[in-house]
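S.K.: Input: one structure, supplied below.
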Amino acid sequence: MKCGYCKKEMLEGYITTPSIEWHPKYGKNKLFYKGEKKDGFRLGKFSCLNQKEQLAWYCPHCDCIVIDCKEL
């Protein structure tokens, strides 16, 4: 995958965590996410015991990460 900033090749890998959550800048974490992704969402199950691997790409030139939000 090419980096959206510098257009150089990114390294494929994984983010490993119990859960990954995204919420809007002025939103807040929720116990349950419903509705549209623009209101916030969680990738995978929320669990302290389960580690989840989510596909991601890292650009060593820009020091940024792109996470694939589709479930694997």
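Lettering and numbering for the structure tokens are positional, with chains as A, B, ... in the shown order, residues counted from 1 in each chain, and ligands counted from 1 in the shown order.
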I'd like the contact shell of Gly4 (chain A) - 10 Å cut-off, only C-alpha atoms, skipping same-chain residues fewer than 6 positions apart - returned as a ChimeraX atom specification.
M.R.: /A:10,59,62,64,66
S.K.: Which residue is closest to Leu43 (chain A)? Choose from A:His61, A:Lys8, A:His23, A:Lys2 and count only C-alpha atoms.
M.R.: A:His23
S.K.: Name the residues of chain A that come out as strand (DSSP E) in a backbone DSSP run; write them as a PDB file with all heavy atoms, in the first residue's frame.
M.R.:
ATOM      1  N   LEU A  11       4.638  -0.536   5.216  1.00  0.00           N
ATOM      2  CA  LEU A  11       4.869  -1.891   5.698  1.00  0.00           C
ATOM      3  C   LEU A  11       3.569  -2.459   6.254  1.00  0.00           C
ATOM      4  O   LEU A  11       2.895  -1.813   7.065  1.00  0.00           O
ATOM      5  CB  LEU A  11       5.929  -1.872   6.804  1.00  0.00           C
ATOM      6  CG  LEU A  11       7.271  -1.254   6.426  1.00  0.00           C
ATOM      7  CD1 LEU A  11       8.159  -1.136   7.657  1.00  0.00           C
ATOM      8  CD2 LEU A  11       7.946  -2.068   5.342  1.00  0.00           C
ATOM      9  N   GLU A  12       3.208  -3.654   5.820  1.00  0.00           N
ATOM     10  CA  GLU A  12       1.982  -4.298   6.297  1.00  0.00           C
ATOM     11  C   GLU A  12       2.242  -4.971   7.642  1.00  0.00           C
ATOM     12  O   GLU A  12       3.302  -5.551   7.865  1.00  0.00           O
ATOM     13  CB  GLU A  12       1.510  -5.344   5.286  1.00  0.00           C
ATOM     14  CG  GLU A  12       0.173  -5.951   5.642  1.00  0.00           C
ATOM     15  CD  GLU A  12      -0.340  -6.892   4.569  1.00  0.00           C
ATOM     16  OE1 GLU A  12       0.237  -6.943   3.460  1.00  0.00           O
ATOM     17  OE2 GLU A  12      -1.334  -7.573   4.849  1.00  0.00           O
ATOM     18  N   GLY A  13       1.287  -4.875   8.553  1.00  0.00           N
ATOM     19  CA  GLY A  13       1.414  -5.508   9.860  1.00  0.00           C
ATOM     20  C   GLY A  13       0.085  -5.510  10.590  1.00  0.00           C
ATOM     21  O   GLY A  13      -0.972  -5.465   9.954  1.00  0.00           O
ATOM     22  N   TYR A  14       0.127  -5.560  11.906  1.00  0.00           N
ATOM     23  CA  TYR A  14      -1.084  -5.644  12.714  1.00  0.00           C
ATOM     24  C   TYR A  14      -0.976  -4.746  13.943  1.00  0.00           C
ATOM     25  O   TYR A  14       0.110  -4.544  14.483  1.00  0.00           O
ATOM     26  CB  TYR A  14      -1.319  -7.077  13.199  1.00  0.00           C
ATOM     27  CG  TYR A  14      -1.600  -8.029  12.074  1.00  0.00           C
ATOM     28  CD1 TYR A  14      -0.572  -8.743  11.476  1.00  0.00           C
ATOM     29  CD2 TYR A  14      -2.886  -8.204  11.602  1.00  0.00           C
ATOM     30  CE1 TYR A  14      -0.827  -9.614  10.426  1.00  0.00           C
ATOM     31  CE2 TYR A  14      -3.152  -9.071  10.555  1.00  0.00           C
ATOM     32  CZ  TYR A  14      -2.114  -9.765   9.971  1.00  0.00           C
ATOM     33  OH  TYR A  14      -2.373 -10.616   8.933  1.00  0.00           O
ATOM     34  N   ILE A  15      -2.099  -4.241  14.385  1.00  0.00           N
ATOM     35  CA  ILE A  15      -2.246  -3.594  15.684  1.00  0.00           C
ATOM     36  C   ILE A  15      -2.827  -4.676  16.586  1.00  0.00           C
ATOM     37  O   ILE A  15      -3.859  -5.265  16.262  1.00  0.00           O
ATOM     38  CB  ILE A  15      -3.219  -2.397  15.619  1.00  0.00           C
ATOM     39  CG1 ILE A  15      -2.724  -1.337  14.644  1.00  0.00           C
ATOM     40  CG2 ILE A  15      -3.463  -1.830  17.011  1.00  0.00           C
ATOM     41  CD1 ILE A  15      -1.508  -0.579  15.084  1.00  0.00           C
ATOM     42  N   THR A  16      -2.180  -4.960  17.697  1.00  0.00           N
ATOM     43  CA  THR A  16      -2.650  -5.996  18.617  1.00  0.00           C
ATOM     44  C   THR A  16      -3.142  -5.332  19.894  1.00  0.00           C
ATOM     45  O   THR A  16      -2.389  -4.626  20.556  1.00  0.00           O
ATOM     46  CB  THR A  16      -1.515  -6.978  18.949  1.00  0.00           C
ATOM     47  OG1 THR A  16      -0.993  -7.478  17.728  1.00  0.00           O
ATOM     48  CG2 THR A  16      -2.022  -8.126  19.790  1.00  0.00           C
ATOM     49  N   THR A  17      -4.412  -5.556  20.229  1.00  0.00           N
ATOM     50  CA  THR A  17      -5.028  -4.908  21.374  1.00  0.00           C
ATOM     51  C   THR A  17      -6.328  -5.628  21.722  1.00  0.00           C
ATOM     52  O   THR A  17      -6.898  -6.301  20.853  1.00  0.00           O
ATOM     53  CB  THR A  17      -5.297  -3.422  21.064  1.00  0.00           C
ATOM     54  OG1 THR A  17      -5.861  -2.781  22.200  1.00  0.00           O
ATOM     55  CG2 THR A  17      -6.220  -3.252  19.891  1.00  0.00           C
ATOM     56  N   ILE A  20     -10.165  -1.911  19.592  1.00  0.00           N
ATOM     57  CA  ILE A  20      -9.801  -0.642  18.998  1.00  0.00           C
ATOM     58  C   ILE A  20     -11.086   0.155  18.871  1.00  0.00           C
ATOM     59  O   ILE A  20     -12.072  -0.333  18.311  1.00  0.00           O
ATOM     60  CB  ILE A  20      -9.151  -0.834  17.612  1.00  0.00           C
ATOM     61  CG1 ILE A  20      -7.899  -1.693  17.730  1.00  0.00           C
ATOM     62  CG2 ILE A  20      -8.851   0.513  16.977  1.00  0.00           C
ATOM     63  CD1 ILE A  20      -7.354  -2.160  16.390  1.00  0.00           C
ATOM     64  N   GLU A  21     -11.085   1.370  19.383  1.00  0.00           N
ATOM     65  CA  GLU A  21     -12.273   2.220  19.297  1.00  0.00           C
ATOM     66  C   GLU A  21     -11.919   3.521  18.606  1.00  0.00           C
ATOM     67  O   GLU A  21     -10.821   4.028  18.764  1.00  0.00           O
ATOM     68  CB  GLU A  21     -12.807   2.536  20.693  1.00  0.00           C
ATOM     69  CG  GLU A  21     -13.311   1.322  21.410  1.00  0.00           C
ATOM     70  CD  GLU A  21     -13.910   1.658  22.766  1.00  0.00           C
ATOM     71  OE1 GLU A  21     -14.142   2.848  23.049  1.00  0.00           O
ATOM     72  OE2 GLU A  21     -14.130   0.729  23.541  1.00  0.00           O
ATOM     73  N   TRP A  22     -12.885   4.038  17.847  1.00  0.00           N
ATOM     74  CA  TRP A  22     -12.759   5.353  17.255  1.00  0.00           C
ATOM     75  C   TRP A  22     -14.010   6.119  17.612  1.00  0.00           C
ATOM     76  O   TRP A  22     -15.119   5.573  17.571  1.00  0.00           O
ATOM     77  CB  TRP A  22     -12.625   5.275  15.731  1.00  0.00           C
ATOM     78  CG  TRP A  22     -12.558   6.646  15.124  1.00  0.00           C
ATOM     79  CD1 TRP A  22     -11.434   7.381  14.933  1.00  0.00           C
ATOM     80  CD2 TRP A  22     -13.648   7.454  14.684  1.00  0.00           C
ATOM     81  NE1 TRP A  22     -11.756   8.602  14.403  1.00  0.00           N
ATOM     82  CE2 TRP A  22     -13.121   8.672  14.237  1.00  0.00           C
ATOM     83  CE3 TRP A  22     -15.019   7.280  14.639  1.00  0.00           C
ATOM     84  CZ2 TRP A  22     -13.912   9.707  13.739  1.00  0.00           C
ATOM     85  CZ3 TRP A  22     -15.813   8.303  14.146  1.00  0.00           C
ATOM     86  CH2 TRP A  22     -15.255   9.496  13.690  1.00  0.00           C
ATOM     87  N   PHE A  41     -17.251   3.799  16.676  1.00  0.00           N
ATOM     88  CA  PHE A  41     -17.368   2.350  16.501  1.00  0.00           C
ATOM     89  C   PHE A  41     -16.214   1.641  17.185  1.00  0.00           C
ATOM     90  O   PHE A  41     -15.200   2.242  17.518  1.00  0.00           O
ATOM     91  CB  PHE A  41     -17.451   1.957  15.018  1.00  0.00           C
ATOM     92  CG  PHE A  41     -16.244   2.349  14.205  1.00  0.00           C
ATOM     93  CD1 PHE A  41     -15.190   1.469  14.030  1.00  0.00           C
ATOM     94  CD2 PHE A  41     -16.176   3.593  13.595  1.00  0.00           C
ATOM     95  CE1 PHE A  41     -14.090   1.822  13.266  1.00  0.00           C
ATOM     96  CE2 PHE A  41     -15.077   3.955  12.837  1.00  0.00           C
ATOM     97  CZ  PHE A  41     -14.031   3.064  12.668  1.00  0.00           C
ATOM     98  N   ARG A  42     -16.394   0.359  17.404  1.00  0.00           N
ATOM     99  CA  ARG A  42     -15.385  -0.501  18.021  1.00  0.00           C
ATOM    100  C   ARG A  42     -15.068  -1.624  17.044  1.00  0.00           C
ATOM    101  O   ARG A  42     -15.962  -2.241  16.488  1.00  0.00           O
ATOM    102  CB  ARG A  42     -15.909  -1.080  19.322  1.00  0.00           C
ATOM    103  CG  ARG A  42     -14.934  -2.047  19.989  1.00  0.00           C
ATOM    104  CD  ARG A  42     -15.480  -2.596  21.301  1.00  0.00           C
ATOM    105  NE  ARG A  42     -15.568  -1.516  22.267  1.00  0.00           N
ATOM    106  CZ  ARG A  42     -16.645  -1.254  23.005  1.00  0.00           C
ATOM    107  NH1 ARG A  42     -17.710  -2.006  22.893  1.00  0.00           N
ATOM    108  NH2 ARG A  42     -16.639  -0.270  23.863  1.00  0.00           N
ATOM    109  N   LEU A  43     -13.782  -1.889  16.859  1.00  0.00           N
ATOM    110  CA  LEU A  43     -13.354  -3.033  16.062  1.00  0.00           C
ATOM    111  C   LEU A  43     -13.101  -4.181  17.018  1.00  0.00           C
ATOM    112  O   LEU A  43     -12.309  -4.047  17.946  1.00  0.00           O
ATOM    113  CB  LEU A  43     -12.067  -2.716  15.305  1.00  0.00           C
ATOM    114  CG  LEU A  43     -12.162  -1.605  14.271  1.00  0.00           C
ATOM    115  CD1 LEU A  43     -10.771  -1.268  13.754  1.00  0.00           C
ATOM    116  CD2 LEU A  43     -13.065  -1.990  13.147  1.00  0.00           C
ATOM    117  N   LYS A  52      -6.766  -8.932  19.989  1.00  0.00           N
ATOM    118  CA  LYS A  52      -7.244  -8.884  18.620  1.00  0.00           C
ATOM    119  C   LYS A  52      -6.136  -8.348  17.736  1.00  0.00           C
ATOM    120  O   LYS A  52      -5.415  -7.445  18.132  1.00  0.00           O
ATOM    121  CB  LYS A  52      -8.459  -7.966  18.533  1.00  0.00           C
ATOM    122  CG  LYS A  52      -8.937  -7.754  17.122  1.00  0.00           C
ATOM    123  CD  LYS A  52     -10.306  -7.165  17.123  1.00  0.00           C
ATOM    124  CE  LYS A  52     -10.820  -6.930  15.722  1.00  0.00           C
ATOM    125  NZ  LYS A  52     -10.773  -8.065  14.853  1.00  0.00           N
ATOM    126  N   GLU A  53      -6.003  -8.893  16.548  1.00  0.00           N
ATOM    127  CA  GLU A  53      -5.066  -8.376  15.566  1.00  0.00           C
ATOM    128  C   GLU A  53      -5.869  -7.705  14.463  1.00  0.00           C
ATOM    129  O   GLU A  53      -6.718  -8.335  13.838  1.00  0.00           O
ATOM    130  CB  GLU A  53      -4.215  -9.492  14.968  1.00  0.00           C
ATOM    131  CG  GLU A  53      -3.161 -10.008  15.903  1.00  0.00           C
ATOM    132  CD  GLU A  53      -2.221 -10.995  15.225  1.00  0.00           C
ATOM    133  OE1 GLU A  53      -2.596 -11.569  14.182  1.00  0.00           O
ATOM    134  OE2 GLU A  53      -1.117 -11.182  15.746  1.00  0.00           O
ATOM    135  N   GLN A  54      -5.627  -6.419  14.249  1.00  0.00           N
ATOM    136  CA  GLN A  54      -6.311  -5.673  13.197  1.00  0.00           C
ATOM    137  C   GLN A  54      -5.279  -5.264  12.164  1.00  0.00           C
ATOM    138  O   GLN A  54      -4.230  -4.696  12.512  1.00  0.00           O
ATOM    139  CB  GLN A  54      -7.006  -4.441  13.788  1.00  0.00           C
ATOM    140  CG  GLN A  54      -7.946  -3.770  12.831  1.00  0.00           C
ATOM    141  CD  GLN A  54      -9.164  -4.607  12.496  1.00  0.00           C
ATOM    142  OE1 GLN A  54      -9.620  -5.406  13.294  1.00  0.00           O
ATOM    143  NE2 GLN A  54      -9.695  -4.423  11.315  1.00  0.00           N
ATOM    144  N   LEU A  55      -5.551  -5.573  10.901  1.00  0.00           N
ATOM    145  CA  LEU A  55      -4.639  -5.263   9.806  1.00  0.00           C
ATOM    146  C   LEU A  55      -4.338  -3.768   9.759  1.00  0.00           C
ATOM    147  O   LEU A  55      -5.239  -2.937   9.903  1.00  0.00           O
ATOM    148  CB  LEU A  55      -5.260  -5.718   8.485  1.00  0.00           C
ATOM    149  CG  LEU A  55      -4.393  -5.649   7.245  1.00  0.00           C
ATOM    150  CD1 LEU A  55      -3.125  -6.478   7.412  1.00  0.00           C
ATOM    151  CD2 LEU A  55      -5.180  -6.116   6.045  1.00  0.00           C
ATOM    152  N   ALA A  56      -3.062  -3.416   9.595  1.00  0.00           N
ATOM    153  CA  ALA A  56      -2.643  -2.013   9.548  1.00  0.00           C
ATOM    154  C   ALA A  56      -1.367  -1.887   8.725  1.00  0.00           C
ATOM    155  O   ALA A  56      -0.633  -2.856   8.539  1.00  0.00           O
ATOM    156  CB  ALA A  56      -2.402  -1.489  10.961  1.00  0.00           C
ATOM    157  N   TRP A  57      -1.119  -0.689   8.231  1.00  0.00           N
ATOM    158  CA  TRP A  57       0.095  -0.395   7.468  1.00  0.00           C
ATOM    159  C   TRP A  57       0.821   0.749   8.156  1.00  0.00           C
ATOM    160  O   TRP A  57       0.208   1.707   8.613  1.00  0.00           O
ATOM    161  CB  TRP A  57      -0.233   0.002   6.032  1.00  0.00           C
ATOM    162  CG  TRP A  57      -0.721  -1.127   5.214  1.00  0.00           C
ATOM    163  CD1 TRP A  57       0.022  -1.934   4.392  1.00  0.00           C
ATOM    164  CD2 TRP A  57      -2.061  -1.613   5.114  1.00  0.00           C
ATOM    165  NE1 TRP A  57      -0.770  -2.888   3.802  1.00  0.00           N
ATOM    166  CE2 TRP A  57      -2.067  -2.703   4.233  1.00  0.00           C
ATOM    167  CE3 TRP A  57      -3.262  -1.235   5.689  1.00  0.00           C
ATOM    168  CZ2 TRP A  57      -3.207  -3.410   3.912  1.00  0.00           C
ATOM    169  CZ3 TRP A  57      -4.397  -1.941   5.375  1.00  0.00           C
ATOM    170  CH2 TRP A  57      -4.361  -3.013   4.490  1.00  0.00           C
ATOM    171  N   TYR A  58       2.151   0.650   8.202  1.00  0.00           N
ATOM    172  CA  TYR A  58       2.981   1.664   8.840  1.00  0.00           C
ATOM    173  C   TYR A  58       3.916   2.286   7.815  1.00  0.00           C
ATOM    174  O   TYR A  58       4.563   1.574   7.044  1.00  0.00           O
ATOM    175  CB  TYR A  58       3.808   1.026   9.963  1.00  0.00           C
ATOM    176  CG  TYR A  58       4.844   1.954  10.543  1.00  0.00           C
ATOM    177  CD1 TYR A  58       4.471   3.088  11.253  1.00  0.00           C
ATOM    178  CD2 TYR A  58       6.201   1.700  10.359  1.00  0.00           C
ATOM    179  CE1 TYR A  58       5.429   3.948  11.769  1.00  0.00           C
ATOM    180  CE2 TYR A  58       7.161   2.546  10.881  1.00  0.00           C
ATOM    181  CZ  TYR A  58       6.764   3.674  11.578  1.00  0.00           C
ATOM    182  OH  TYR A  58       7.709   4.528  12.088  1.00  0.00           O
ATOM    183  N   CYS A  59       3.999   3.618   7.816  1.00  0.00           N
ATOM    184  CA  CYS A  59       4.931   4.323   6.947  1.00  0.00           C
ATOM    185  C   CYS A  59       6.122   4.770   7.794  1.00  0.00           C
ATOM    186  O   CYS A  59       5.986   5.652   8.645  1.00  0.00           O
ATOM    187  CB  CYS A  59       4.276   5.543   6.297  1.00  0.00           C
ATOM    188  SG  CYS A  59       5.437   6.444   5.232  1.00  0.00           S
ATOM    189  N   CYS A  64       3.445   7.238  10.365  1.00  0.00           N
ATOM    190  CA  CYS A  64       1.991   7.185  10.536  1.00  0.00           C
ATOM    191  C   CYS A  64       1.493   5.762  10.267  1.00  0.00           C
ATOM    192  O   CYS A  64       2.173   4.962   9.636  1.00  0.00           O
ATOM    193  CB  CYS A  64       1.294   8.188   9.639  1.00  0.00           C
ATOM    194  SG  CYS A  64       1.436   7.845   7.892  1.00  0.00           S
ATOM    195  N   ILE A  65       0.301   5.470  10.766  1.00  0.00           N
ATOM    196  CA  ILE A  65      -0.307   4.145  10.631  1.00  0.00           C
ATOM    197  C   ILE A  65      -1.689   4.304  10.014  1.00  0.00           C
ATOM    198  O   ILE A  65      -2.447   5.196  10.378  1.00  0.00           O
ATOM    199  CB  ILE A  65      -0.438   3.456  12.006  1.00  0.00           C
ATOM    200  CG1 ILE A  65       0.943   3.163  12.582  1.00  0.00           C
ATOM    201  CG2 ILE A  65      -1.261   2.178  11.907  1.00  0.00           C
ATOM    202  CD1 ILE A  65       0.928   2.620  13.996  1.00  0.00           C
ATOM    203  N   VAL A  66      -2.026   3.405   9.091  1.00  0.00           N
ATOM    204  CA  VAL A  66      -3.364   3.317   8.506  1.00  0.00           C
ATOM    205  C   VAL A  66      -3.947   1.986   8.964  1.00  0.00           C
ATOM    206  O   VAL A  66      -3.324   0.936   8.771  1.00  0.00           O
ATOM    207  CB  VAL A  66      -3.313   3.380   6.963  1.00  0.00           C
ATOM    208  CG1 VAL A  66      -4.688   3.140   6.368  1.00  0.00           C
ATOM    209  CG2 VAL A  66      -2.732   4.703   6.499  1.00  0.00           C
ATOM    210  N   ILE A  67      -5.137   2.028   9.579  1.00  0.00           N
ATOM    211  CA  ILE A  67      -5.787   0.807  10.088  1.00  0.00           C
ATOM    212  C   ILE A  67      -6.958   0.449   9.181  1.00  0.00           C
ATOM    213  O   ILE A  67      -7.783   1.297   8.866  1.00  0.00           O
ATOM    214  CB  ILE A  67      -6.299   1.017  11.520  1.00  0.00           C
ATOM    215  CG1 ILE A  67      -5.143   1.346  12.447  1.00  0.00           C
ATOM    216  CG2 ILE A  67      -7.047  -0.213  12.017  1.00  0.00           C
ATOM    217  CD1 ILE A  67      -5.574   1.754  13.834  1.00  0.00           C
TER     218      ILE A  67
END
S.K.: For each of A:Pro24, A:Gln51, A:Ser19, A:Cys69, take the minimum atom-to-atom distance to Lys38 (chain A), counting only C-alpha atoms, then give the residue where this is smallest.
M.R.: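 The shortest atom-to-atom distance to Lys38 (chain A) comes from A:Pro24.
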